[in-house]
file upload.cif (mmCIF, C-alpha atoms and all ligand atoms)
data_upload
#
loop_
_atom_site.label_atom_id
_atom_site.label_comp_id
_atom_site.auth_asym_id
_atom_site.auth_seq_id
_atom_site.Cartn_x
_atom_site.Cartn_y
_atom_site.Cartn_z
CA ILE A 1 9.63 -25.25 2.01
CA VAL A 2 11.83 -24.68 -1.01
CA ASP A 3 9.80 -22.25 -3.12
CA VAL A 4 7.22 -19.66 -1.99
CA GLN A 5 5.13 -20.59 -5.05
CA ASP A 6 4.37 -23.95 -3.36
CA LYS A 7 2.13 -22.13 -0.83
CA ILE A 8 0.01 -20.33 -3.42
CA ASP A 9 -3.55 -21.50 -4.05
CA HIS A 10 -4.18 -19.19 -6.99
CA GLU A 11 -2.94 -15.98 -8.54
CA LEU A 12 -5.33 -13.02 -8.45
CA ILE A 13 -3.36 -10.38 -10.39
CA SER A 14 -0.35 -11.21 -12.55
CA HIS A 15 2.94 -9.34 -12.50
CA ASP A 16 2.31 -7.99 -16.01
CA GLN A 17 -1.14 -6.68 -15.06
CA ILE A 18 0.32 -4.96 -11.98
CA VAL A 19 3.15 -3.29 -13.88
CA LYS A 20 0.82 -2.17 -16.68
CA ARG A 21 -1.61 -0.58 -14.21
CA ILE A 22 1.14 1.12 -12.18
CA ASN A 23 2.56 2.58 -15.39
CA GLU A 24 -0.86 3.96 -16.33
CA VAL A 25 -1.24 5.59 -12.91
CA ALA A 26 2.29 7.03 -13.09
CA ALA A 27 1.55 8.56 -16.50
CA GLN A 28 -1.60 10.18 -15.12
CA ALA A 29 0.17 11.38 -11.95
CA SER A 30 2.99 12.85 -14.06
CA LYS A 31 0.35 15.06 -15.71
CA ASP A 32 -1.57 15.86 -12.52
CA TYR A 33 1.58 16.79 -10.56
CA ALA A 34 3.50 18.59 -13.31
CA GLY A 35 5.26 21.63 -11.80
CA LYS A 36 4.38 20.61 -8.21
CA LYS A 37 7.40 18.50 -7.25
CA PRO A 38 5.28 16.12 -5.15
CA LEU A 39 6.58 14.41 -2.03
CA VAL A 40 5.79 10.74 -2.63
CA ILE A 41 5.41 8.85 0.63
CA CYS A 42 5.83 5.08 0.75
CA VAL A 43 3.91 3.37 3.55
CA LEU A 44 6.30 0.61 4.60
CA LYS A 45 6.53 -2.21 4.48
CA GLY A 46 3.70 -3.24 2.17
CA ALA A 47 4.03 -0.44 -0.39
CA ILE A 48 7.71 -1.04 -1.16
CA GLN A 49 7.22 -2.87 -4.48
CA THR A 50 4.44 -0.51 -5.66
CA LEU A 51 6.51 2.57 -4.73
CA SER A 52 9.53 1.26 -6.58
CA ARG A 53 7.65 0.58 -9.82
CA PHE A 54 5.63 3.78 -9.52
CA VAL A 55 8.48 6.23 -9.04
CA SER A 56 10.54 4.66 -11.81
CA ALA A 57 7.63 5.38 -14.19
CA LEU A 58 7.09 8.99 -13.02
CA THR A 59 8.54 11.47 -15.50
CA ILE A 60 8.41 14.64 -13.36
CA PRO A 61 10.66 16.03 -10.62
CA MET A 62 9.66 14.51 -7.27
CA GLU A 63 11.00 13.61 -3.85
CA MET A 64 10.31 10.50 -1.83
CA ASP A 65 10.19 9.56 1.81
CA PHE A 66 9.19 6.58 3.89
CA MET A 67 6.98 5.93 6.89
CA SER A 68 6.61 2.52 8.49
CA LEU A 69 3.14 1.91 9.90
CA SER A 70 1.65 -1.23 11.36
CA THR A 71 -1.91 -2.28 12.11
CA TYR A 72 -2.04 -6.02 11.43
CA GLY A 73 0.34 -7.87 13.70
CA ALA A 74 0.41 -11.57 12.85
CA GLY A 75 -3.25 -12.19 11.96
CA THR A 76 -5.35 -11.69 8.84
CA SER A 77 -7.52 -8.82 10.11
CA SER A 78 -6.70 -5.20 10.91
CA SER A 79 -6.35 -4.29 14.60
CA GLY A 80 -7.45 -0.68 14.11
CA LYS A 81 -4.54 0.56 16.24
CA ILE A 82 -1.76 2.27 14.28
CA THR A 83 1.86 1.93 15.37
CA VAL A 84 4.48 4.25 13.86
CA ARG A 85 7.54 2.00 13.46
CA ALA A 86 9.56 4.69 11.66
CA ASP A 87 8.67 8.28 10.83
CA LEU A 88 9.38 10.55 7.85
CA THR A 89 12.58 12.59 7.73
CA THR A 90 10.99 15.29 5.53
CA ASP A 91 8.97 18.30 6.70
CA VAL A 92 5.65 18.00 4.86
CA LYS A 93 4.60 21.61 5.57
CA ASP A 94 3.25 23.25 2.38
CA ARG A 95 4.10 20.16 0.30
CA ASP A 96 1.89 18.38 -2.20
CA VAL A 97 1.98 14.88 -0.76
CA LEU A 98 1.10 11.73 -2.65
CA ILE A 99 0.86 8.65 -0.44
CA VAL A 100 1.61 5.29 -2.07
CA GLU A 101 -0.01 2.34 -0.30
CA ASP A 102 -0.39 -1.33 -1.20
CA ILE A 103 -3.94 -1.91 0.08
CA VAL A 104 -6.93 -0.20 1.65
CA ASP A 105 -8.64 -2.74 3.86
CA SER A 106 -10.53 -1.26 6.85
CA GLY A 107 -9.14 2.15 5.89
CA PHE A 108 -7.77 2.84 9.39
CA THR A 109 -4.14 3.22 8.30
CA LEU A 110 -4.79 5.74 5.53
CA ASN A 111 -7.47 7.57 7.46
CA TRP A 112 -4.97 8.10 10.28
CA LEU A 113 -2.11 9.02 7.93
CA VAL A 114 -4.08 11.59 5.94
CA GLY A 115 -5.14 13.28 9.19
CA GLU A 116 -1.58 13.23 10.50
CA LEU A 117 -0.08 14.77 7.34
CA LYS A 118 -2.72 17.50 7.29
CA LYS A 119 -1.99 18.20 10.96
CA ARG A 120 1.67 18.63 9.98
CA GLY A 121 0.67 21.28 7.45
CA ALA A 122 0.77 19.51 4.07
CA LYS A 123 -0.69 21.66 1.28
CA SER A 124 -2.46 18.66 -0.29
CA VAL A 125 -2.67 14.97 0.56
CA GLU A 126 -3.71 12.40 -2.05
CA ILE A 127 -3.46 8.62 -2.24
CA PHE A 128 -2.51 5.95 -4.74
CA ALA A 129 -3.46 2.49 -3.46
CA LEU A 130 -2.61 -0.52 -5.59
CA LEU A 131 -5.47 -2.57 -4.12
CA GLU A 132 -8.81 -1.66 -2.64
CA LYS A 133 -11.04 -4.12 -0.77
CA PRO A 134 -14.42 -2.34 -0.43
CA ALA A 135 -16.02 -5.18 1.55
CA ARG A 136 -13.77 -4.38 4.54
CA HIS A 137 -14.00 -0.58 4.60
CA THR A 138 -15.06 0.72 7.99
CA VAL A 139 -13.76 4.29 7.70
CA ASP A 140 -13.98 6.52 4.64
CA VAL A 141 -10.82 7.01 2.58
CA LYS A 142 -10.82 8.91 -0.70
CA LEU A 143 -8.36 7.58 -3.26
CA LYS A 144 -7.04 9.68 -6.11
CA TYR A 145 -5.71 6.61 -7.93
CA THR A 146 -6.74 2.98 -7.51
CA GLY A 147 -4.89 0.04 -9.05
CA PHE A 148 -7.40 -2.78 -8.66
CA VAL A 149 -10.59 -3.39 -6.70
CA ILE A 150 -10.42 -6.88 -5.22
CA PRO A 151 -12.85 -9.31 -3.52
CA ASP A 152 -12.81 -10.03 0.21
CA GLU A 153 -9.96 -12.56 0.17
CA PHE A 154 -6.69 -12.34 2.12
CA VAL A 155 -3.99 -11.65 -0.48
CA VAL A 156 -0.21 -11.63 -0.38
CA GLY A 157 2.64 -10.72 -2.71
CA PHE A 158 4.07 -7.64 -4.40
CA GLY A 159 4.84 -6.24 -0.94
CA LEU A 160 1.88 -7.69 0.96
CA ASP A 161 2.67 -10.19 3.69
CA PHE A 162 1.14 -12.87 5.82
CA ASP A 163 3.02 -12.88 9.13
CA GLU A 164 5.92 -11.04 7.35
CA GLU A 165 6.32 -13.65 4.61
CA TYR A 166 5.50 -13.56 0.87
CA ARG A 167 6.37 -9.88 0.28
CA ASN A 168 8.81 -11.01 -2.41
CA LEU A 169 6.19 -12.62 -4.68
CA ASN A 170 6.02 -10.69 -7.94
CA SER A 171 2.23 -11.08 -8.30
CA ILE A 172 -0.83 -10.81 -6.04
CA ALA A 173 -2.00 -14.22 -4.86
CA VAL A 174 -4.20 -16.14 -2.43
CA LEU A 175 -2.44 -18.69 -0.21
CA LYS A 176 -3.50 -22.29 0.29
CA PRO A 177 -6.01 -22.53 3.21
CA GLU A 178 -3.65 -24.65 5.33
CA VAL A 179 -1.18 -21.73 5.51
CA TYR A 180 -3.67 -19.74 7.61
CA GLU A 181 -4.58 -22.63 9.90
CA GLY A 182 -3.59 -21.95 13.49
CA GLU A 183 -3.11 -18.24 12.86
CA ILE A 184 -3.20 -15.90 15.83
CA SER A 185 -5.58 -12.99 15.23
C1 LIG A 201 -1.26 -3.49 5.91
C2 LIG A 201 -1.26 -2.87 4.53
C3 LIG A 201 -1.80 -1.48 4.76
C4 LIG A 201 -2.79 -1.69 5.89
C5 LIG A 201 -4.18 -1.78 5.36
O1 LIG A 201 -0.09 -3.06 6.59
O2 LIG A 201 0.05 -2.82 4.00
O3 LIG A 201 -0.79 -0.60 5.17
O4 LIG A 201 -2.42 -2.93 6.52
O5 LIG A 201 -5.10 -2.10 6.37
P1 LIG A 201 -6.19 -1.09 6.92
O6 LIG A 201 -6.84 -0.40 5.74
O7 LIG A 201 -7.15 -2.02 7.61
O8 LIG A 201 -5.55 -0.14 7.86
P2 LIG A 201 0.44 -3.81 7.91
O9 LIG A 201 -0.11 -3.19 9.12
O10 LIG A 201 0.22 -5.28 7.72
O11 LIG A 201 2.00 -3.48 7.88
P3 LIG A 201 3.01 -3.85 6.69
O12 LIG A 201 2.74 -2.89 5.57
O13 LIG A 201 4.36 -3.67 7.28
O14 LIG A 201 2.72 -5.27 6.29
MN MN A 202 1.17 -1.59 5.27
MG MG A 203 1.21 -6.53 6.85
#
call {"tool": "encode", "arguments": {"input": "upload.cif", "output": "structure tokens", "more": "lines below"}}
Ligand code: PRP
Ligand code: MN
Ligand code: MG
result
Amino acid sequence: IVDVQDKIDHELISHDQIVKRINEVAAQASKDYAGKKPLVICVLKGAIQTLSRFVSALTIPMEMDFMSLSTYGAGTSSSGKITVRADLTTDVKDRDVLIVEDIVDSGFTLNWLVGELKKRGAKSVEIFALLEKPARHTVDVKLKYTGFVIPDEFVVGFGLDFDEEYRNLNSIAVLKPEVYEGEIS
């Protein structure tokens, strides 16, 4: 394969739509977190592109840190078991934490992370998720900011992968059905 675009069936959200929405959320968060110096946490790997755009549009003092969490493995459905691949290097005690995530699917990842950060003594824990897929929610997760609510389709791009590929797409897209054929889930 020469170009990742060759594997795309259709685009769901364009790059311009994504950037516009992230900028809107960043403007709102800059008001909501004025004077609080939030600790913005990027949930790697999926949230990398959203985090990057989001923090560059924030206009207030902030800090950032990274946590690498995994629940999917190689398939297209969540396993429900969270693996910490890399932890934060910042003490979250008494901090106003804003988690940036690419997608809420079953909700297991964020449900676990919110509990973990509260256990570590964070003063507040809120979430910005670029995508929300209500059809798949099995545990309750309250989002402070939502980018887009999407239908129950497996999407890739703008950080989201299928079997570690397609994170570099600059839009959110659905892959051609043959890409998923023979997947291990
Ligand atoms: C994906 C996605 C979210 C999570 C959402 O991450 O980026 O973090 O799953 O699913 P959930 O709501 O069912 O928990 P993944 O485990 O694929 O790791 P990755 O970010 O490195 O791709
Ligand atoms: Mn992820
Ligand atoms: Mg993944």
call {"tool": "residues_near_ligand", "arguments": {"input": "upload.cif", "ligand": "ligand LIG 201 (chain A)", "cutoff": "7 Å", "atoms": "only C-alpha atoms and all ligand atoms", "output": "PyMOL selection string"}}
result
chain A and resi 43-47+68-73+78+80+101-110+160-161+164
call {"tool": "closest_residue", "arguments": {"input": "upload.cif", "among": "A:Phe148, A:Leu39, A:Lys81, A:Pro134", "to": "Asp94 (chain A)", "atoms": "all atoms listed in the file"}}
result
A:Leu39
call {"tool": "closest_atom_pairs", "arguments": {"input": "upload.cif", "of": "region 74-181 of chain A", "to": "region 15-35 of chain A", "cutoff": "7 Å", "atoms": "all atoms listed in the file", "output": "Markdown table"}}
result
| residue | atom | partner | partner_atom | distance |
| --- | --- | --- | --- | --- |
| A:Tyr145 | CA | A:Val25 | CA | 6.8 |
| A:Gly147 | CA | A:Arg21 | CA | 6.1 |
| A:Asn170 | CA | A:His15 | CA | 5.7 |
| A:Ser171 | CA | A:His15 | CA | 4.6 |
call {"tool": "write_last_selection", "arguments": {"input": "upload.cif", "atoms": "C-alpha atoms", "output": "PDB file, in the frame of the given file"}}
result
ATOM      1  CA  TYR A 145      -5.710   6.610  -7.930  1.00  0.00           C
ATOM      2  CA  GLY A 147      -4.890   0.040  -9.050  1.00  0.00           C
ATOM      3  CA  ASN A 170       6.020 -10.690  -7.940  1.00  0.00           C
ATOM      4  CA  SER A 171       2.230 -11.080  -8.300  1.00  0.00           C
TER       5      SER A 171
END
call {"tool": "closest_residue", "arguments": {"input": "upload.cif", "among": "A:Phe162, A:Glu153, A:Ile60, A:Ser124", "to": "Val174 (chain A)", "atoms": "only C-alpha atoms"}}
result
A:Glu153
call {"tool": "closest_residue", "arguments": {"input": "upload.cif", "among": "A:Met67, A:Ile127, A:Arg120, A:Met62", "to": "Asp91 (chain A)", "atoms": "only C-alpha atoms"}}
result
A:Arg120
call {"tool": "atom_distance", "arguments": {"input": "upload.cif", "atom1": "CA of Lys93 (chain A)", "atom2": "CA of Val125 (chain A)"}}
result
11.0 Å
call {"tool": "closest_residue", "arguments": {"input": "upload.cif", "among": "A:Val92, A:Lys37, A:Ser56, A:Leu130", "to": "Ile150 (chain A)", "atoms": "all atoms listed in the file"}}
result
A:Leu130
call {"tool": "atom_distance", "arguments": {"input": "upload.cif", "atom1": "atom MN of ligand MN 202 (chain A)", "atom2": "CA of Asp163 (chain A)"}}
result
12.1 Å
call {"tool": "atom_distance", "arguments": {"input": "upload.cif", "atom1": "CA of Ala173 (chain A)", "atom2": "CA of Gly157 (chain A)"}}
result
6.2 Å
call {"tool": "closest_residue", "arguments": {"input": "upload.cif", "among": "A:Thr138, A:Asn168, A:Thr89, A:Thr83", "to": "ligand MN 202 (chain A)", "atoms": "only C-alpha atoms and all ligand atoms"}}
result
A:Thr83
call {"tool": "closest_residue", "arguments": {"input": "upload.cif", "among": "A:Ile48, A:Ala86, A:Val179, A:Leu113", "to": "ligand MG 203 (chain A)", "atoms": "only C-alpha atoms and all ligand atoms"}}
result
A:Ile48
call {"tool": "residues_near_point", "arguments": {"input": "upload.cif", "point": "(-9.9, 8.6, 8.0)", "cutoff": "6 Å", "atoms": "all atoms listed in the file", "output": "JSON, numbers by chain"}}
result
{"A": [111, 112, 139, 140, 141]}
